[in-house]
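Engineer: Input file: start-v5.txt. Contents: compact mmCIF, N, CA and C atoms.
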# COMPACT_ATOMS: atom_id res chain seq x y z
N MET A 1 29.33 83.98 110.07
CA MET A 1 29.77 82.62 109.79
C MET A 1 31.15 82.65 109.12
N MET A 2 32.01 81.77 109.55
CA MET A 2 33.36 81.70 108.98
C MET A 2 33.29 81.11 107.57
N PRO A 3 34.10 81.65 106.64
CA PRO A 3 34.11 81.04 105.30
C PRO A 3 34.73 79.64 105.35
N THR A 4 34.33 78.81 104.40
CA THR A 4 34.88 77.46 104.28
C THR A 4 36.37 77.55 103.98
N ARG A 5 37.18 76.83 104.77
CA ARG A 5 38.65 76.84 104.62
C ARG A 5 39.06 75.70 103.70
N VAL A 6 39.87 76.00 102.67
CA VAL A 6 40.19 75.04 101.63
C VAL A 6 41.70 74.86 101.46
N LEU A 7 42.10 73.61 101.27
CA LEU A 7 43.47 73.25 100.89
C LEU A 7 43.44 72.79 99.44
N ILE A 8 44.34 73.31 98.62
CA ILE A 8 44.46 72.87 97.22
C ILE A 8 45.79 72.15 97.08
N ALA A 9 45.74 70.88 96.66
CA ALA A 9 46.96 70.10 96.43
C ALA A 9 47.01 69.68 94.97
N ASP A 10 47.91 70.29 94.23
CA ASP A 10 48.07 69.98 92.81
C ASP A 10 49.48 70.40 92.42
N ASP A 11 50.16 69.60 91.61
CA ASP A 11 51.53 69.92 91.24
C ASP A 11 51.61 70.89 90.06
N THR A 12 50.47 71.31 89.51
CA THR A 12 50.45 72.24 88.38
C THR A 12 50.05 73.63 88.86
N PRO A 13 50.98 74.61 88.78
CA PRO A 13 50.69 75.96 89.27
C PRO A 13 49.44 76.57 88.64
N PHE A 14 49.24 76.35 87.34
CA PHE A 14 48.07 76.93 86.65
C PHE A 14 46.77 76.41 87.26
N VAL A 15 46.72 75.13 87.56
CA VAL A 15 45.50 74.54 88.14
C VAL A 15 45.26 75.12 89.54
N ARG A 16 46.32 75.23 90.33
CA ARG A 16 46.17 75.82 91.68
C ARG A 16 45.63 77.24 91.59
N GLU A 17 46.19 78.03 90.67
CA GLU A 17 45.77 79.42 90.52
C GLU A 17 44.31 79.52 90.05
N LEU A 18 43.95 78.71 89.08
CA LEU A 18 42.57 78.71 88.56
C LEU A 18 41.58 78.33 89.67
N LEU A 19 41.92 77.28 90.41
CA LEU A 19 41.06 76.85 91.52
C LEU A 19 40.96 77.95 92.58
N MET A 20 42.10 78.54 92.92
CA MET A 20 42.10 79.57 93.95
C MET A 20 41.18 80.73 93.57
N GLN A 21 41.29 81.20 92.33
CA GLN A 21 40.45 82.31 91.88
C GLN A 21 38.98 81.91 91.89
N SER A 22 38.67 80.72 91.39
CA SER A 22 37.28 80.26 91.32
C SER A 22 36.69 80.12 92.72
N LEU A 23 37.44 79.51 93.64
CA LEU A 23 36.95 79.30 94.99
C LEU A 23 36.78 80.64 95.73
N HIS A 24 37.70 81.56 95.48
CA HIS A 24 37.58 82.88 96.08
C HIS A 24 36.29 83.56 95.61
N ASN A 25 35.99 83.44 94.31
CA ASN A 25 34.76 84.01 93.76
C ASN A 25 33.52 83.36 94.35
N PHE A 26 33.63 82.12 94.81
CA PHE A 26 32.51 81.42 95.45
C PHE A 26 32.41 81.78 96.93
N GLY A 27 33.36 82.57 97.44
CA GLY A 27 33.34 82.96 98.84
C GLY A 27 34.06 81.98 99.77
N LEU A 28 34.87 81.08 99.19
CA LEU A 28 35.63 80.13 100.00
C LEU A 28 37.03 80.69 100.26
N ASP A 29 37.66 80.27 101.34
CA ASP A 29 38.95 80.79 101.77
C ASP A 29 40.03 79.73 101.57
N VAL A 30 40.91 79.94 100.58
CA VAL A 30 42.01 79.00 100.35
C VAL A 30 43.09 79.31 101.38
N VAL A 31 43.30 78.37 102.31
CA VAL A 31 44.24 78.60 103.41
C VAL A 31 45.64 78.07 103.12
N ALA A 32 45.76 77.16 102.13
CA ALA A 32 47.09 76.64 101.80
C ALA A 32 47.07 75.94 100.45
N GLU A 33 48.26 75.83 99.87
CA GLU A 33 48.47 75.07 98.63
C GLU A 33 49.57 74.05 98.91
N ALA A 34 49.44 72.89 98.28
CA ALA A 34 50.47 71.86 98.38
C ALA A 34 50.85 71.43 96.97
N ILE A 35 52.13 71.09 96.79
CA ILE A 35 52.62 70.76 95.44
C ILE A 35 52.91 69.27 95.25
N ASP A 36 52.79 68.49 96.32
CA ASP A 36 52.96 67.04 96.19
C ASP A 36 52.16 66.36 97.31
N GLY A 37 52.09 65.05 97.23
CA GLY A 37 51.27 64.30 98.18
C GLY A 37 51.72 64.41 99.63
N GLU A 38 53.03 64.39 99.85
CA GLU A 38 53.56 64.48 101.20
C GLU A 38 53.24 65.85 101.81
N ASP A 39 53.43 66.88 101.02
CA ASP A 39 53.13 68.25 101.43
C ASP A 39 51.63 68.38 101.75
N ALA A 40 50.79 67.75 100.96
CA ALA A 40 49.34 67.80 101.17
C ALA A 40 48.96 67.19 102.52
N ILE A 41 49.54 66.07 102.86
CA ILE A 41 49.23 65.42 104.14
C ILE A 41 49.67 66.31 105.31
N LYS A 42 50.90 66.84 105.23
CA LYS A 42 51.40 67.71 106.30
C LYS A 42 50.49 68.92 106.50
N LYS A 43 50.13 69.58 105.40
CA LYS A 43 49.30 70.78 105.51
C LYS A 43 47.89 70.43 105.97
N TYR A 44 47.35 69.31 105.51
CA TYR A 44 46.02 68.91 105.95
C TYR A 44 46.01 68.70 107.46
N LEU A 45 46.97 67.94 107.96
CA LEU A 45 46.99 67.61 109.39
C LEU A 45 47.26 68.83 110.27
N SER A 46 48.03 69.80 109.78
CA SER A 46 48.29 70.98 110.61
C SER A 46 47.16 72.00 110.52
N LEU A 47 46.50 72.11 109.38
CA LEU A 47 45.47 73.16 109.19
C LEU A 47 44.04 72.67 109.36
N LYS A 48 43.81 71.36 109.18
CA LYS A 48 42.47 70.78 109.26
C LYS A 48 41.44 71.60 108.45
N PRO A 49 41.66 71.72 107.12
CA PRO A 49 40.73 72.51 106.31
C PRO A 49 39.34 71.84 106.24
N ASP A 50 38.34 72.64 105.88
CA ASP A 50 36.97 72.12 105.74
C ASP A 50 36.81 71.31 104.47
N LEU A 51 37.63 71.63 103.45
CA LEU A 51 37.54 71.00 102.15
C LEU A 51 38.93 70.91 101.54
N THR A 52 39.22 69.77 100.90
CA THR A 52 40.52 69.59 100.25
C THR A 52 40.30 69.21 98.79
N PHE A 53 40.97 69.93 97.90
CA PHE A 53 41.04 69.57 96.48
C PHE A 53 42.37 68.86 96.29
N LEU A 54 42.31 67.68 95.69
CA LEU A 54 43.48 66.82 95.65
C LEU A 54 43.67 66.22 94.26
N ASP A 55 44.79 66.55 93.62
CA ASP A 55 45.13 65.95 92.34
C ASP A 55 45.49 64.49 92.59
N ILE A 56 45.03 63.59 91.73
CA ILE A 56 45.33 62.16 91.90
C ILE A 56 46.78 61.86 91.52
N VAL A 57 47.25 62.46 90.40
CA VAL A 57 48.60 62.18 89.91
C VAL A 57 49.53 63.30 90.36
N MET A 58 50.27 63.01 91.47
CA MET A 58 51.21 64.00 92.03
C MET A 58 52.52 63.32 92.39
N PRO A 59 53.59 64.11 92.47
CA PRO A 59 54.87 63.54 92.89
C PRO A 59 54.86 63.12 94.37
N VAL A 60 55.80 62.31 94.75
CA VAL A 60 56.08 61.82 96.10
C VAL A 60 55.02 60.82 96.57
N LYS A 61 53.75 61.25 96.66
CA LYS A 61 52.66 60.33 97.02
C LYS A 61 51.47 60.63 96.13
N SER A 62 50.81 59.59 95.65
CA SER A 62 49.64 59.79 94.80
C SER A 62 48.48 60.34 95.62
N GLY A 63 47.55 60.97 94.93
CA GLY A 63 46.37 61.49 95.59
C GLY A 63 45.58 60.40 96.29
N LEU A 64 45.53 59.20 95.69
CA LEU A 64 44.79 58.10 96.32
C LEU A 64 45.43 57.73 97.66
N LYS A 65 46.76 57.70 97.71
CA LYS A 65 47.46 57.41 98.96
C LYS A 65 47.19 58.51 99.99
N VAL A 66 47.16 59.75 99.52
CA VAL A 66 46.88 60.88 100.41
C VAL A 66 45.48 60.74 101.01
N ILE A 67 44.51 60.39 100.17
CA ILE A 67 43.14 60.21 100.67
C ILE A 67 43.13 59.14 101.77
N GLU A 68 43.80 58.03 101.52
CA GLU A 68 43.85 56.95 102.52
C GLU A 68 44.44 57.45 103.84
N GLU A 69 45.53 58.20 103.76
CA GLU A 69 46.20 58.68 104.98
C GLU A 69 45.37 59.73 105.71
N ILE A 70 44.72 60.61 104.96
CA ILE A 70 43.85 61.61 105.60
C ILE A 70 42.66 60.92 106.26
N ARG A 71 42.04 59.97 105.54
CA ARG A 71 40.87 59.25 106.07
C ARG A 71 41.22 58.46 107.34
N ALA A 72 42.45 57.99 107.44
CA ALA A 72 42.88 57.25 108.64
C ALA A 72 42.85 58.17 109.86
N GLN A 73 43.06 59.47 109.65
CA GLN A 73 43.08 60.44 110.74
C GLN A 73 41.72 61.12 110.94
N VAL A 74 41.07 61.44 109.81
CA VAL A 74 39.79 62.19 109.85
C VAL A 74 38.82 61.48 108.91
N SER A 75 38.00 60.61 109.47
CA SER A 75 37.16 59.74 108.63
C SER A 75 36.12 60.49 107.81
N ASP A 76 35.72 61.67 108.25
CA ASP A 76 34.69 62.41 107.51
C ASP A 76 35.25 63.60 106.73
N ALA A 77 36.54 63.59 106.42
CA ALA A 77 37.16 64.68 105.66
C ALA A 77 36.44 64.86 104.32
N LYS A 78 36.22 66.10 103.94
CA LYS A 78 35.58 66.42 102.65
C LYS A 78 36.69 66.59 101.62
N ILE A 79 36.72 65.67 100.65
CA ILE A 79 37.80 65.66 99.66
C ILE A 79 37.21 65.59 98.25
N ILE A 80 37.74 66.46 97.38
CA ILE A 80 37.41 66.40 95.96
C ILE A 80 38.68 66.01 95.24
N ALA A 81 38.67 64.81 94.63
CA ALA A 81 39.83 64.30 93.90
C ALA A 81 39.72 64.75 92.44
N MET A 82 40.85 65.10 91.85
CA MET A 82 40.85 65.59 90.46
C MET A 82 41.89 64.85 89.63
N SER A 83 41.57 64.68 88.35
CA SER A 83 42.56 64.11 87.44
C SER A 83 42.15 64.31 86.00
N THR A 84 43.14 64.34 85.12
CA THR A 84 42.88 64.31 83.69
C THR A 84 43.37 62.99 83.14
N GLU A 85 44.54 62.56 83.59
CA GLU A 85 45.18 61.37 83.04
C GLU A 85 44.36 60.12 83.28
N GLY A 86 43.84 59.54 82.19
CA GLY A 86 43.07 58.31 82.31
C GLY A 86 42.05 58.39 83.43
N ALA A 87 41.38 59.53 83.49
CA ALA A 87 40.49 59.82 84.63
C ALA A 87 39.56 58.67 84.98
N HIS A 88 39.03 58.01 83.98
CA HIS A 88 38.04 56.95 84.27
C HIS A 88 38.62 55.84 85.14
N THR A 89 39.92 55.64 85.10
CA THR A 89 40.51 54.57 85.92
C THR A 89 40.60 54.96 87.39
N PHE A 90 40.59 56.26 87.68
CA PHE A 90 40.71 56.72 89.06
C PHE A 90 39.38 57.02 89.74
N VAL A 91 38.34 57.23 88.94
CA VAL A 91 37.05 57.64 89.52
C VAL A 91 36.58 56.65 90.57
N LYS A 92 36.54 55.37 90.21
CA LYS A 92 36.04 54.34 91.12
C LYS A 92 36.91 54.28 92.39
N ASP A 93 38.23 54.29 92.22
CA ASP A 93 39.14 54.23 93.38
C ASP A 93 38.92 55.42 94.32
N ALA A 94 38.83 56.62 93.75
CA ALA A 94 38.64 57.82 94.57
C ALA A 94 37.29 57.76 95.30
N GLU A 95 36.24 57.34 94.59
CA GLU A 95 34.92 57.29 95.20
C GLU A 95 34.84 56.21 96.27
N GLU A 96 35.54 55.09 96.06
CA GLU A 96 35.55 54.03 97.08
C GLU A 96 36.23 54.53 98.37
N LEU A 97 37.14 55.49 98.23
CA LEU A 97 37.81 56.07 99.40
C LEU A 97 37.00 57.24 99.98
N GLY A 98 35.84 57.51 99.40
CA GLY A 98 34.95 58.52 99.95
C GLY A 98 35.13 59.92 99.39
N ALA A 99 35.85 60.05 98.30
CA ALA A 99 36.05 61.36 97.69
C ALA A 99 35.05 61.58 96.56
N VAL A 100 34.78 62.83 96.26
CA VAL A 100 34.01 63.20 95.08
C VAL A 100 35.03 63.40 93.97
N PHE A 101 34.71 62.98 92.74
CA PHE A 101 35.68 63.08 91.64
C PHE A 101 35.31 64.23 90.71
N LEU A 102 36.32 65.02 90.35
CA LEU A 102 36.16 66.14 89.42
C LEU A 102 37.19 65.97 88.31
N THR A 103 36.71 65.88 87.07
CA THR A 103 37.62 65.71 85.93
C THR A 103 38.16 67.06 85.48
N LYS A 104 39.48 67.12 85.25
CA LYS A 104 40.11 68.33 84.72
C LYS A 104 40.20 68.19 83.20
N PRO A 105 40.03 69.26 82.43
CA PRO A 105 39.66 70.59 82.88
C PRO A 105 38.20 70.62 83.33
N PHE A 106 37.89 71.48 84.29
CA PHE A 106 36.54 71.55 84.83
C PHE A 106 35.90 72.89 84.48
N SER A 107 34.59 72.91 84.41
CA SER A 107 33.85 74.15 84.23
C SER A 107 33.46 74.68 85.61
N LEU A 108 33.04 75.92 85.67
CA LEU A 108 32.58 76.46 86.95
C LEU A 108 31.37 75.68 87.45
N ASP A 109 30.51 75.25 86.53
CA ASP A 109 29.33 74.47 86.93
C ASP A 109 29.73 73.12 87.52
N SER A 110 30.69 72.44 86.90
CA SER A 110 31.10 71.13 87.44
C SER A 110 31.84 71.31 88.77
N LEU A 111 32.56 72.42 88.91
CA LEU A 111 33.24 72.72 90.17
C LEU A 111 32.20 72.95 91.28
N LYS A 112 31.19 73.76 90.99
CA LYS A 112 30.11 74.00 91.96
C LYS A 112 29.40 72.71 92.33
N ALA A 113 29.14 71.87 91.32
CA ALA A 113 28.44 70.60 91.57
C ALA A 113 29.26 69.70 92.50
N ALA A 114 30.57 69.62 92.28
CA ALA A 114 31.44 68.79 93.13
C ALA A 114 31.43 69.32 94.56
N ILE A 115 31.50 70.64 94.71
CA ILE A 115 31.50 71.23 96.06
C ILE A 115 30.17 70.92 96.76
N SER A 116 29.07 71.01 96.02
CA SER A 116 27.75 70.68 96.58
C SER A 116 27.67 69.23 97.00
N LEU A 117 28.29 68.34 96.21
CA LEU A 117 28.25 66.90 96.53
C LEU A 117 28.94 66.57 97.85
N VAL A 118 29.91 67.37 98.27
CA VAL A 118 30.54 67.12 99.57
C VAL A 118 29.81 67.83 100.70
N GLY A 119 28.72 68.53 100.35
CA GLY A 119 27.88 69.12 101.39
C GLY A 119 28.21 70.57 101.74
N ILE A 120 28.89 71.27 100.84
CA ILE A 120 29.21 72.68 101.09
C ILE A 120 28.43 73.54 100.09
N LYS A 121 27.77 74.56 100.62
CA LYS A 121 26.98 75.46 99.77
C LYS A 121 27.86 76.55 99.19
N VAL A 122 27.69 76.80 97.87
CA VAL A 122 28.37 77.93 97.22
C VAL A 122 27.36 78.73 96.44
As structure tokens, please, write out the structure in this file.
Structural biologist:
Amino acid sequence: MMPTRVLIADDTPFVRELLMQSLHNFGLDVVAEAIDGEDAIKKYLSLKPDLTFLDIVMPVKSGLKVIEEIRAQVSDAKIIAMSTEGAHTFVKDAEELGAVFLTKPFSLDSLKAAISLVGIKV
């Protein structure tokens, strides 16, 4: 069976690195990283990953806008939205767009729980 292919979109290098290491330890394959919303959309559409981790607060395009644009192309895309800044204000918006919400900083348990909520076993 092929490992789950993952795109990580976050403008903070430390968060991308932490996620990459954690996901690798779970047996998932990080196929690309994006540093802003526009980059995330381009990489999503070209790579069609199985799972996307998406920071809500990013340069160029917000994570919420990215979710809308991805959903317009792939209605069943598996997306985990993340944020620290005023997280409670984004949870409802992200969930209404069909994403699972993960608050940063996250524990390995909360990361596993979010991945399970989108239907991927780790």
Engineer: Could you name the residues that touch Ser116 of chain A at 12 Å or less, counting only C-alpha atoms, but leaving out those on the same chain fewer than 2 positions away, as a list of chain:residue names?
Structural biologist: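 My reading of the contact set: A:Phe26, A:Leu51, A:Lys78, A:Ile79, A:Ile80, A:Val100, A:Leu102, A:Asp109, A:Ser110, A:Leu111, A:Lys112, A:Ala113, A:Ala114, A:Val118, A:Gly119, A:Ile120, A:Lys121, A:Val122.
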Engineer: Extract the full set of alpha helix (DSSP H) residues from chain A according to DSSP on the backbone, and format it as a ChimeraX atom specification.
Structural biologist: /A:13-25,37-47,63-73,87-96,108-117
Engineer: Pick the closest to Ala99 of chain A from A:Ala9, A:Leu23, A:Leu117, A:Leu28: which is it, counting only C-alpha atoms?
Structural biologist: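 Closest to Ala99 of chain A, using only C-alpha atoms: A:Leu117.
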Engineer: For a quick check of understanding, using only N, CA and C atoms, which of A:Lys61, A:Asp50, A:Val6, A:Phe101 has the smallest distance to Ala77 of chain A?
Structural biologist: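 Checking each of A:Lys61, A:Asp50, A:Val6, A:Phe101 against Ala77 of chain A, counting only N, CA and C atoms, the winner is A:Asp50.
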Engineer: Might you pull out every residue within 7 Å of Asp29 of chain A, with only C-alpha atoms counted and same-chain residues fewer than 5 positions away left off, and present them as number ranges by chain?
Structural biologist: A: 3-6, 24
Engineer: Please, what distance in Å, to one decimal, runs between atom C of Lys104 of chain A and atom C of Thr12 of chain A?
Structural biologist: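 A separation of 12.6 Å between them.
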Engineer: With distances taken over only C-alpha atoms, which of A:Gly37, A:Phe14, A:Ser46, A:Thr103 is nearest to Ile67 of chain A?
Structural biologist: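 Among the listed residues, A:Gly37 lies closest to Ile67 of chain A.
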Engineer: What's the separation between atom N of Asp36 of chain A and atom N of Phe106 of chain A, in Å to one decimal place?
Structural biologist: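 Computed distance, atom N of Asp36 of chain A to atom N of Phe106 of chain A, equals 19.4 Å.
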Engineer: What residues in segment 1-78 of chain A get the DSSP label strand (DSSP E)? Please answer as number ranges by chain.
Structural biologist: A: 5-9, 29-34, 51-55
Engineer: May I ask which of the residues A:Gly98, A:Asp93, A:His88, A:Met82 is the closest one to Leu54 of chain A, counting only N, CA and C atoms?
Structural biologist: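 Using only N, CA and C atoms, Leu54 of chain A sits closest to A:Met82.
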Engineer: Can you list, as a PDB file with N, CA and C atoms, in the coordinates of the input, every protein, DNA or RNA residue that comes within 7 Å of Ile35 of chain A when you count only C-alpha atoms, leaving out same-chain residues fewer than 2 positions away?
Structural biologist:
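That gives us selection-v5.pdb:
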ATOM      1  N   ALA A   9      45.740  70.880  96.660  1.00  0.00           N
ATOM      2  CA  ALA A   9      46.960  70.100  96.430  1.00  0.00           C
ATOM      3  C   ALA A   9      47.010  69.680  94.970  1.00  0.00           C
ATOM      4  N   ASP A  10      47.910  70.290  94.230  1.00  0.00           N
ATOM      5  CA  ASP A  10      48.070  69.980  92.810  1.00  0.00           C
ATOM      6  C   ASP A  10      49.480  70.400  92.420  1.00  0.00           C
ATOM      7  N   ASP A  11      50.160  69.600  91.610  1.00  0.00           N
ATOM      8  CA  ASP A  11      51.530  69.920  91.240  1.00  0.00           C
ATOM      9  C   ASP A  11      51.610  70.890  90.060  1.00  0.00           C
ATOM     10  N   GLU A  33      48.260  75.830  99.870  1.00  0.00           N
ATOM     11  CA  GLU A  33      48.470  75.070  98.630  1.00  0.00           C
ATOM     12  C   GLU A  33      49.570  74.050  98.910  1.00  0.00           C
ATOM     13  N   ASP A  39      53.430  66.880 101.020  1.00  0.00           N
ATOM     14  CA  ASP A  39      53.130  68.250 101.430  1.00  0.00           C
ATOM     15  C   ASP A  39      51.630  68.380 101.750  1.00  0.00           C
TER      16      ASP A  39
END
Engineer: Which one is closest to Leu97 of chain A: A:Leu64, A:Met20, A:Leu45, A:Ile56? Count only N, CA and C atoms.
Structural biologist: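 Looking at the shortest contact to Leu97 of chain A, the residue is A:Leu64.
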